[in-house]
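This report refers to the structure that appears directly beneath it.
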Amino acid sequence: MSRLGRFRQPSVIPGFGLTLGFTLTYFSLIILVPLVALVLRSAGLGWNGFWAAALDPRVLASLRTSFLTATIAAGINVVFGTLIAWVLVRYRFPGRRIFDAMVDLPFALPTAVAGIALTAIYAPNGIVGQFAAQLGWRIAYTPIGITIAMIFIGLPFVVRTIQPILEEISKEVEEASATLGANRFQTITRVLLPSLMPAILTGFALAFARAVGEYGSVIFIAGNIPFVSEIAPLLIVIRLEEFNYAGAAVIATVMLAISFVMLFIINLIQAWSRRRYGYGS
Amino acid sequence: MEVRVQNVRKEFDRFPALHDVSLDIKSGELIALLGPSGSGKTTLLRLIAGLERPTAGKIFFGDEDASEKSVQERNIGFVFQHYALFRHMTILENVSFGLEVRPRATRPPKAEIRRRARELLDLVQLSGLEKRYPSQLSGGQRQRVALARALAIEPGVLLLDEPFGALDAQVRRELRKWLREMHDRTGHTTVFVTHDQEEALELADRLCVMSQGKIEQVGTPDTVYDQPQSPFVFGFIGESSTLPVNIERGDIWLGDRPIGISSPEAVGPARLFFRPHDIELVDGDAALSGVVASSRRVGGTRRVELDIGGAGHRVEIDLPFDHPAGERSQISFRPKRWKLFPAE
């Protein structure tokens, strides 16, 4: 306790030792131990075996598909999620509450159901897919389909992170900008978006992380053609079915590493912008 | 710049916030819109700014009809109660904003914008804080930044919405004095909204007292204080007490007793208003006489609450804090200055 005491903040609520201990135990059981087990498992292959499994062309292709589609989906979600959050916060229209509640549906819907529904719509004989097919585009069974599924499941994360921040930016700030002579476009680009930046980054990170890990909805619409529309999580399942547990662990470890680096960088940018934009004022 | 508000009416969803309000604001004056919350003072200010559109009526800036002009075109400076600073910009960027968003044709060169912003920060006594962010400043400093930002666009009219409302009493008093000095130095036509009568009386050239969407009285602080035109103004500006009285044969009666003051004009029931300090103590029957209900010292005076008559009328009077009458349990007095309004 005396060594921990140095980190202790004076507080009216007692129990620093207890809560920190609980947090560490919980964190270890839920997150740390499984991840370490994963890395150890893949380390069982040895240095060369690991890289051989990781650099397998099919693995690389699936990783590329996963991360590329997830990034694009998160990017699209950021644009339209911000727009939806804006409409929900700033305008009053009939049905707004229902619309607002519907944003959360992708959270609640079993992802397989979402995947099947999306496939039905975007397949070449589906409601939307048939028009795309007439134009010569294929949506389902291509990376575009994967992206659409990822957009679907990631949207609530963006809307729900931006909404409260947008509510917090008072209308007065927009009005101040207008009284100073700024037009609508200048107000949005110079005043609103910069102050939304931290929230937008968080939304991006969450939507991205969700999309990379998504399995259920994507496999229905992806078509799962190796080297074209096969995502990394599916390849992990395939390896498992081949009883190639180490191979599955290797792909998972690589995914983990890439995701961690990306999220870490986003977090850094966020910390920087938070400091800059003076949150909590 | 002169501002004329002409028969302006404003409704929010059929709910009238302003009824047919007219007000002439003189060039270069500092005028206060004063009233309780819900009186429409902020609505009037926002209408002048162009942040709201009137339901009916017109607003002139000089000779020009500004009613249909957008906020951006009106060239006004607006200061909000909660500062509304751009938190992702430094103080210098905040102050420069108004000049930087101008179309290229009228935008001064970058160095010139910087120079002007610095000059304004100097004016509001915040030199040296250019690189700070709003979150790093105190409330009083933030409001001064907001003022500098509003002044940067060289507004024709400066509009302030409860500018000191969010600040503590000490800072408020300092800023008040400082705003007066600023106004005398720069000479902007300034309209400010407040619910704090002390602030309005101390700061403004003229007051516009508002209540329930109407203007009750416009005048200099002295006129409004000394000659209130309505019971509302008498009650709202300064301290006052009121008694229901009757006027018969030129004398003013409270119940069945004459109170020693007379009014030649009116007859019948009326309401008598007087201020706690406008009284004289008297001995004798023809006076207001009451039992002391409470007595407390406020700085250099003693504020005595009296129960008058049996009907539970309570009034307040001021005595010098060391006056011997402060010890008594019964006090008789007569208002020295007072006003009668028709009974409601």
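Going through the structure tokens in order, the chains are called A, B, and so on, while each chain numbers its residues from 1 and the ligands are numbered from 1 in the order shown.
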(message) If the cut-off is 6 Å, can you tell me the residues of chain B near chain A, counting only C-alpha atoms? I'd like them as JSON, numbers by chain.
(response) {"B": [71, 72, 84, 87, 88, 98, 101, 135]}
Can I get the selected residues back with C-alpha atoms, as a PDB file, in the first residue's frame?
```
ATOM      1  CA  VAL B  71     -27.450  38.507 -39.748  1.00  0.00           C
ATOM      2  CA  GLN B  72     -24.311  38.510 -41.852  1.00  0.00           C
ATOM      3  CA  ALA B  84     -19.830  31.402 -27.309  1.00  0.00           C
ATOM      4  CA  ARG B  87     -12.951  26.560 -28.319  1.00  0.00           C
ATOM      5  CA  HIS B  88     -10.704  25.039 -30.944  1.00  0.00           C
ATOM      6  CA  GLY B  98     -14.659  37.918 -38.314  1.00  0.00           C
ATOM      7  CA  VAL B 101     -14.220  34.919 -43.164  1.00  0.00           C
ATOM      8  CA  SER B 135     -10.664  26.922 -21.822  1.00  0.00           C
TER       9      SER B 135
END
```
(message) Please list as a list in words every residue within 8 Å of Gly40 in chain B, counting only C-alpha atoms and excluding residues in the same chain fewer than 4 positions away.
(response)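 Here the qualifying residues turn out to be Ala17, Leu18, Leu44, Met210, Ser211, Gln212, Gly213 and Lys214 of chain B.
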Would you write out those residues with C-alpha atoms, as a short mmCIF file (atom, residue, chain, number, x, y, z; two decimals), in the first residue's frame?
```cif
data_model
loop_
_atom_site.label_atom_id
_atom_site.label_comp_id
_atom_site.auth_asym_id
_atom_site.auth_seq_id
_atom_site.Cartn_x
_atom_site.Cartn_y
_atom_site.Cartn_z
CA ALA B 17 -43.19 37.35 -27.15
CA LEU B 18 -43.35 41.01 -28.18
CA LEU B 44 -35.93 42.34 -28.95
CA MET B 210 -39.82 45.94 -20.38
CA SER B 211 -42.47 43.65 -19.00
CA GLN B 212 -44.56 40.92 -20.63
CA GLY B 213 -43.54 41.76 -24.16
CA LYS B 214 -44.17 45.48 -23.86
#
```
(message) Which residues are close to Ala123 in chain A, i.e. within 10 Å by only C-alpha atoms, leaving aside same-chain residues fewer than 6 positions away? Reply as JSON, numbers by chain.
(response) {"A": [117, 129, 130, 132, 133, 138, 139, 140, 141, 145, 221]}
Mind writing the picked residues with N, CA and C atoms as a PDB file, in the first residue's frame?
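Result file is result_30.pdb:
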```pdb
ATOM      1  N   ALA A 117     -30.489 -10.404 -44.903  1.00  0.00           N
ATOM      2  CA  ALA A 117     -31.354  -9.345 -45.434  1.00  0.00           C
ATOM      3  C   ALA A 117     -30.616  -8.519 -46.478  1.00  0.00           C
ATOM      4  N   GLY A 129     -30.259  -4.783 -56.001  1.00  0.00           N
ATOM      5  CA  GLY A 129     -29.231  -5.451 -56.805  1.00  0.00           C
ATOM      6  C   GLY A 129     -29.582  -5.557 -58.275  1.00  0.00           C
ATOM      7  N   GLN A 130     -30.889  -5.701 -58.597  1.00  0.00           N
ATOM      8  CA  GLN A 130     -31.251  -5.880 -60.007  1.00  0.00           C
ATOM      9  C   GLN A 130     -30.973  -4.624 -60.829  1.00  0.00           C
ATOM     10  N   ALA A 132     -28.607  -2.433 -60.081  1.00  0.00           N
ATOM     11  CA  ALA A 132     -27.155  -2.401 -60.201  1.00  0.00           C
ATOM     12  C   ALA A 132     -26.697  -3.384 -61.277  1.00  0.00           C
ATOM     13  N   ALA A 133     -27.378  -4.543 -61.308  1.00  0.00           N
ATOM     14  CA  ALA A 133     -27.000  -5.551 -62.295  1.00  0.00           C
ATOM     15  C   ALA A 133     -27.229  -5.038 -63.710  1.00  0.00           C
ATOM     16  N   ARG A 138     -21.917  -5.443 -59.819  1.00  0.00           N
ATOM     17  CA  ARG A 138     -22.255  -6.467 -58.843  1.00  0.00           C
ATOM     18  C   ARG A 138     -21.937  -5.926 -57.455  1.00  0.00           C
ATOM     19  N   ILE A 139     -22.907  -6.052 -56.558  1.00  0.00           N
ATOM     20  CA  ILE A 139     -22.690  -5.556 -55.200  1.00  0.00           C
ATOM     21  C   ILE A 139     -22.456  -6.721 -54.255  1.00  0.00           C
ATOM     22  N   ALA A 140     -23.437  -7.625 -54.204  1.00  0.00           N
ATOM     23  CA  ALA A 140     -23.260  -8.800 -53.354  1.00  0.00           C
ATOM     24  C   ALA A 140     -22.155  -9.681 -53.934  1.00  0.00           C
ATOM     25  N   TYR A 141     -21.505 -10.412 -53.071  1.00  0.00           N
ATOM     26  CA  TYR A 141     -20.424 -11.339 -53.449  1.00  0.00           C
ATOM     27  C   TYR A 141     -19.191 -10.616 -53.972  1.00  0.00           C
ATOM     28  N   GLY A 145     -20.045  -5.431 -51.441  1.00  0.00           N
ATOM     29  CA  GLY A 145     -21.043  -6.008 -50.540  1.00  0.00           C
ATOM     30  C   GLY A 145     -20.525  -6.068 -49.117  1.00  0.00           C
ATOM     31  N   ILE A 221     -22.977 -11.989 -47.398  1.00  0.00           N
ATOM     32  CA  ILE A 221     -22.996 -11.110 -48.574  1.00  0.00           C
ATOM     33  C   ILE A 221     -21.662 -11.163 -49.329  1.00  0.00           C
TER      34      ILE A 221
END
```
(message) At a cut-off of 12 Å, using only C-alpha atoms, what residues contact Asp65 in chain B? Leave out same-chain residues fewer than 6 positions from it and give the result as a PyMOL selection string.
(response) chain B and resi 2-6+48+57-59+73-74
Store the residues picked out above in a file with C-alpha atoms, as a PDB file, in the first residue's frame.
```pdb
ATOM      1  CA  GLU B   2     -29.072  54.983 -35.206  1.00  0.00           C
ATOM      2  CA  VAL B   3     -31.430  52.057 -34.802  1.00  0.00           C
ATOM      3  CA  ARG B   4     -35.186  52.377 -35.043  1.00  0.00           C
ATOM      4  CA  VAL B   5     -37.519  49.603 -34.039  1.00  0.00           C
ATOM      5  CA  GLN B   6     -40.924  50.258 -35.527  1.00  0.00           C
ATOM      6  CA  ILE B  48     -32.214  43.821 -33.871  1.00  0.00           C
ATOM      7  CA  GLY B  57     -42.956  45.559 -38.063  1.00  0.00           C
ATOM      8  CA  LYS B  58     -39.678  46.957 -39.292  1.00  0.00           C
ATOM      9  CA  ILE B  59     -36.189  47.622 -38.024  1.00  0.00           C
ATOM     10  CA  GLU B  73     -25.373  41.601 -43.776  1.00  0.00           C
ATOM     11  CA  ARG B  74     -26.312  43.641 -40.748  1.00  0.00           C
TER      12      ARG B  74
END
```
As an mmCIF file with N, CA and C atoms, in the first residue's frame, please: every residue in range 91-207 of chain B that DSSP puts in strand (DSSP E).
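Below is the file that was written, result.cif:
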```cif
data_model
loop_
_atom_site.group_PDB
_atom_site.id
_atom_site.type_symbol
_atom_site.label_atom_id
_atom_site.label_comp_id
_atom_site.auth_asym_id
_atom_site.auth_seq_id
_atom_site.Cartn_x
_atom_site.Cartn_y
_atom_site.Cartn_z
ATOM 1 N N VAL B 157 -23.516 48.479 -34.735
ATOM 2 C CA VAL B 157 -24.183 48.422 -33.436
ATOM 3 C C VAL B 157 -23.589 47.266 -32.647
ATOM 4 N N LEU B 158 -23.407 47.495 -31.368
ATOM 5 C CA LEU B 158 -22.898 46.437 -30.504
ATOM 6 C C LEU B 158 -24.048 45.967 -29.623
ATOM 7 N N LEU B 159 -24.324 44.655 -29.671
ATOM 8 C CA LEU B 159 -25.449 44.107 -28.913
ATOM 9 C C LEU B 159 -24.921 43.117 -27.893
ATOM 10 N N LEU B 160 -25.294 43.304 -26.637
ATOM 11 C CA LEU B 160 -24.794 42.418 -25.592
ATOM 12 C C LEU B 160 -25.961 41.775 -24.859
ATOM 13 N N ASP B 161 -25.969 40.460 -24.829
ATOM 14 C CA ASP B 161 -27.058 39.722 -24.191
ATOM 15 C C ASP B 161 -26.622 39.256 -22.814
ATOM 16 N N THR B 189 -22.597 52.561 -30.808
ATOM 17 C CA THR B 189 -23.979 52.457 -30.351
ATOM 18 C C THR B 189 -24.125 51.088 -29.712
ATOM 19 N N THR B 190 -24.530 51.046 -28.447
ATOM 20 C CA THR B 190 -24.515 49.784 -27.728
ATOM 21 C C THR B 190 -25.868 49.515 -27.076
ATOM 22 N N VAL B 191 -26.374 48.316 -27.274
ATOM 23 C CA VAL B 191 -27.607 47.895 -26.616
ATOM 24 C C VAL B 191 -27.260 46.698 -25.762
ATOM 25 N N PHE B 192 -27.586 46.744 -24.487
ATOM 26 C CA PHE B 192 -27.343 45.536 -23.700
ATOM 27 C C PHE B 192 -28.550 45.138 -22.878
ATOM 28 N N VAL B 193 -28.688 43.826 -22.772
ATOM 29 C CA VAL B 193 -29.830 43.253 -22.066
ATOM 30 C C VAL B 193 -29.382 42.870 -20.674
ATOM 31 N N THR B 194 -30.214 43.182 -19.690
ATOM 32 C CA THR B 194 -29.880 42.757 -18.336
ATOM 33 C C THR B 194 -31.150 42.621 -17.513
ATOM 34 N N ARG B 206 -29.498 55.399 -21.191
ATOM 35 C CA ARG B 206 -30.953 55.329 -21.083
ATOM 36 C C ARG B 206 -31.363 53.902 -20.770
ATOM 37 N N LEU B 207 -32.515 53.790 -20.115
ATOM 38 C CA LEU B 207 -33.063 52.468 -19.820
ATOM 39 C C LEU B 207 -34.322 52.273 -20.631
#
```
(request) Please return as a PyMOL selection string: the residues of range 129-319 of chain B that backbone DSSP assigns to alpha helix (DSSP H). (result) chain B and resi 139-152+169-186+197-203+221-226+231-236
Output C-alpha atoms for every residue in the selection just made, as an mmCIF file, in the first residue's frame.
```cif
data_model
loop_
_atom_site.group_PDB
_atom_site.id
_atom_site.type_symbol
_atom_site.label_atom_id
_atom_site.label_comp_id
_atom_site.auth_asym_id
_atom_site.auth_seq_id
_atom_site.Cartn_x
_atom_site.Cartn_y
_atom_site.Cartn_z
ATOM 1 C CA GLY B 139 -14.928 33.834 -17.177
ATOM 2 C CA GLY B 140 -14.197 37.543 -17.112
ATOM 3 C CA GLN B 141 -11.328 37.125 -19.559
ATOM 4 C CA ARG B 142 -13.457 35.038 -21.900
ATOM 5 C CA GLN B 143 -16.143 37.681 -21.990
ATOM 6 C CA ARG B 144 -13.533 40.307 -22.848
ATOM 7 C CA VAL B 145 -12.311 38.091 -25.690
ATOM 8 C CA ALA B 146 -15.901 37.813 -26.888
ATOM 9 C CA LEU B 147 -16.154 41.586 -26.868
ATOM 10 C CA ALA B 148 -12.890 42.010 -28.764
ATOM 11 C CA ARG B 149 -14.098 39.452 -31.303
ATOM 12 C CA ALA B 150 -17.338 41.380 -31.786
ATOM 13 C CA LEU B 151 -15.498 44.689 -32.147
ATOM 14 C CA ALA B 152 -13.093 43.282 -34.739
ATOM 15 C CA ALA B 169 -20.274 39.776 -8.373
ATOM 16 C CA GLN B 170 -16.740 41.144 -8.041
ATOM 17 C CA VAL B 171 -15.767 40.536 -11.670
ATOM 18 C CA ARG B 172 -19.128 41.805 -12.768
ATOM 19 C CA ARG B 173 -18.624 45.160 -11.096
ATOM 20 C CA GLU B 174 -15.158 45.548 -12.577
ATOM 21 C CA LEU B 175 -16.290 44.653 -16.074
ATOM 22 C CA ARG B 176 -19.213 47.011 -15.818
ATOM 23 C CA LYS B 177 -16.941 49.950 -15.120
ATOM 24 C CA TRP B 178 -14.602 48.777 -17.804
ATOM 25 C CA LEU B 179 -17.377 48.447 -20.390
ATOM 26 C CA ARG B 180 -18.479 52.003 -19.658
ATOM 27 C CA GLU B 181 -14.924 53.240 -20.237
ATOM 28 C CA MET B 182 -14.680 51.202 -23.437
ATOM 29 C CA HIS B 183 -17.915 52.678 -24.673
ATOM 30 C CA ASP B 184 -16.796 56.212 -23.924
ATOM 31 C CA ARG B 185 -13.574 55.553 -25.790
ATOM 32 C CA THR B 186 -14.951 53.795 -28.882
ATOM 33 C CA GLN B 197 -31.350 46.895 -12.354
ATOM 34 C CA GLU B 198 -28.254 48.021 -10.514
ATOM 35 C CA GLU B 199 -26.185 47.193 -13.573
ATOM 36 C CA ALA B 200 -28.588 49.059 -15.835
ATOM 37 C CA LEU B 201 -28.790 52.130 -13.594
ATOM 38 C CA GLU B 202 -25.045 52.356 -13.253
ATOM 39 C CA LEU B 203 -24.057 51.651 -16.820
ATOM 40 C CA PRO B 221 -31.783 56.212 -15.207
ATOM 41 C CA ASP B 222 -32.724 59.249 -13.092
ATOM 42 C CA THR B 223 -36.062 59.770 -14.817
ATOM 43 C CA VAL B 224 -36.975 56.113 -14.585
ATOM 44 C CA TYR B 225 -35.985 55.984 -10.934
ATOM 45 C CA ASP B 226 -37.553 59.259 -9.861
ATOM 46 C CA PRO B 231 -46.673 50.433 -10.920
ATOM 47 C CA PHE B 232 -44.515 47.819 -12.612
ATOM 48 C CA VAL B 233 -41.613 50.212 -13.107
ATOM 49 C CA PHE B 234 -41.931 51.541 -9.564
ATOM 50 C CA GLY B 235 -41.830 48.021 -8.221
ATOM 51 C CA PHE B 236 -39.114 46.731 -10.511
#
```
(request) Measure the distance from CA of Thr147 in chain A to CA of Gly213 in chain A in Å and round it to one decimal. (result)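 CA of Gly213 in chain A lies at a distance of 12.9 Å from CA of Thr147 in chain A.
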(request) Kindly indicate which residue among B:Phe15, B:Val8, B:Pro103, B:Gly28 lies nearest to Phe60 in chain B, using only C-alpha atoms for the distances. (result) B:Val8
(message) Measuring between only C-alpha atoms, which one of B:Ala32, B:Val315, B:Leu123, B:Val292 shows the shortest distance to Ile279 in chain B?
(response)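 Checking each candidate against Ile279 in chain B, we get B:Val315 as the closest.
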(message) For a quick check of understanding, using only C-alpha atoms, which of A:Phe67, A:Asn244, A:Ala257, A:Trp51 has the smallest distance to Ala211 in chain A?
(response) A:Phe67
(request) Provide the CA of Phe220 in chain A to CA of Val78 in chain A distance in Å, to one decimal place. (result) 24.3 Å
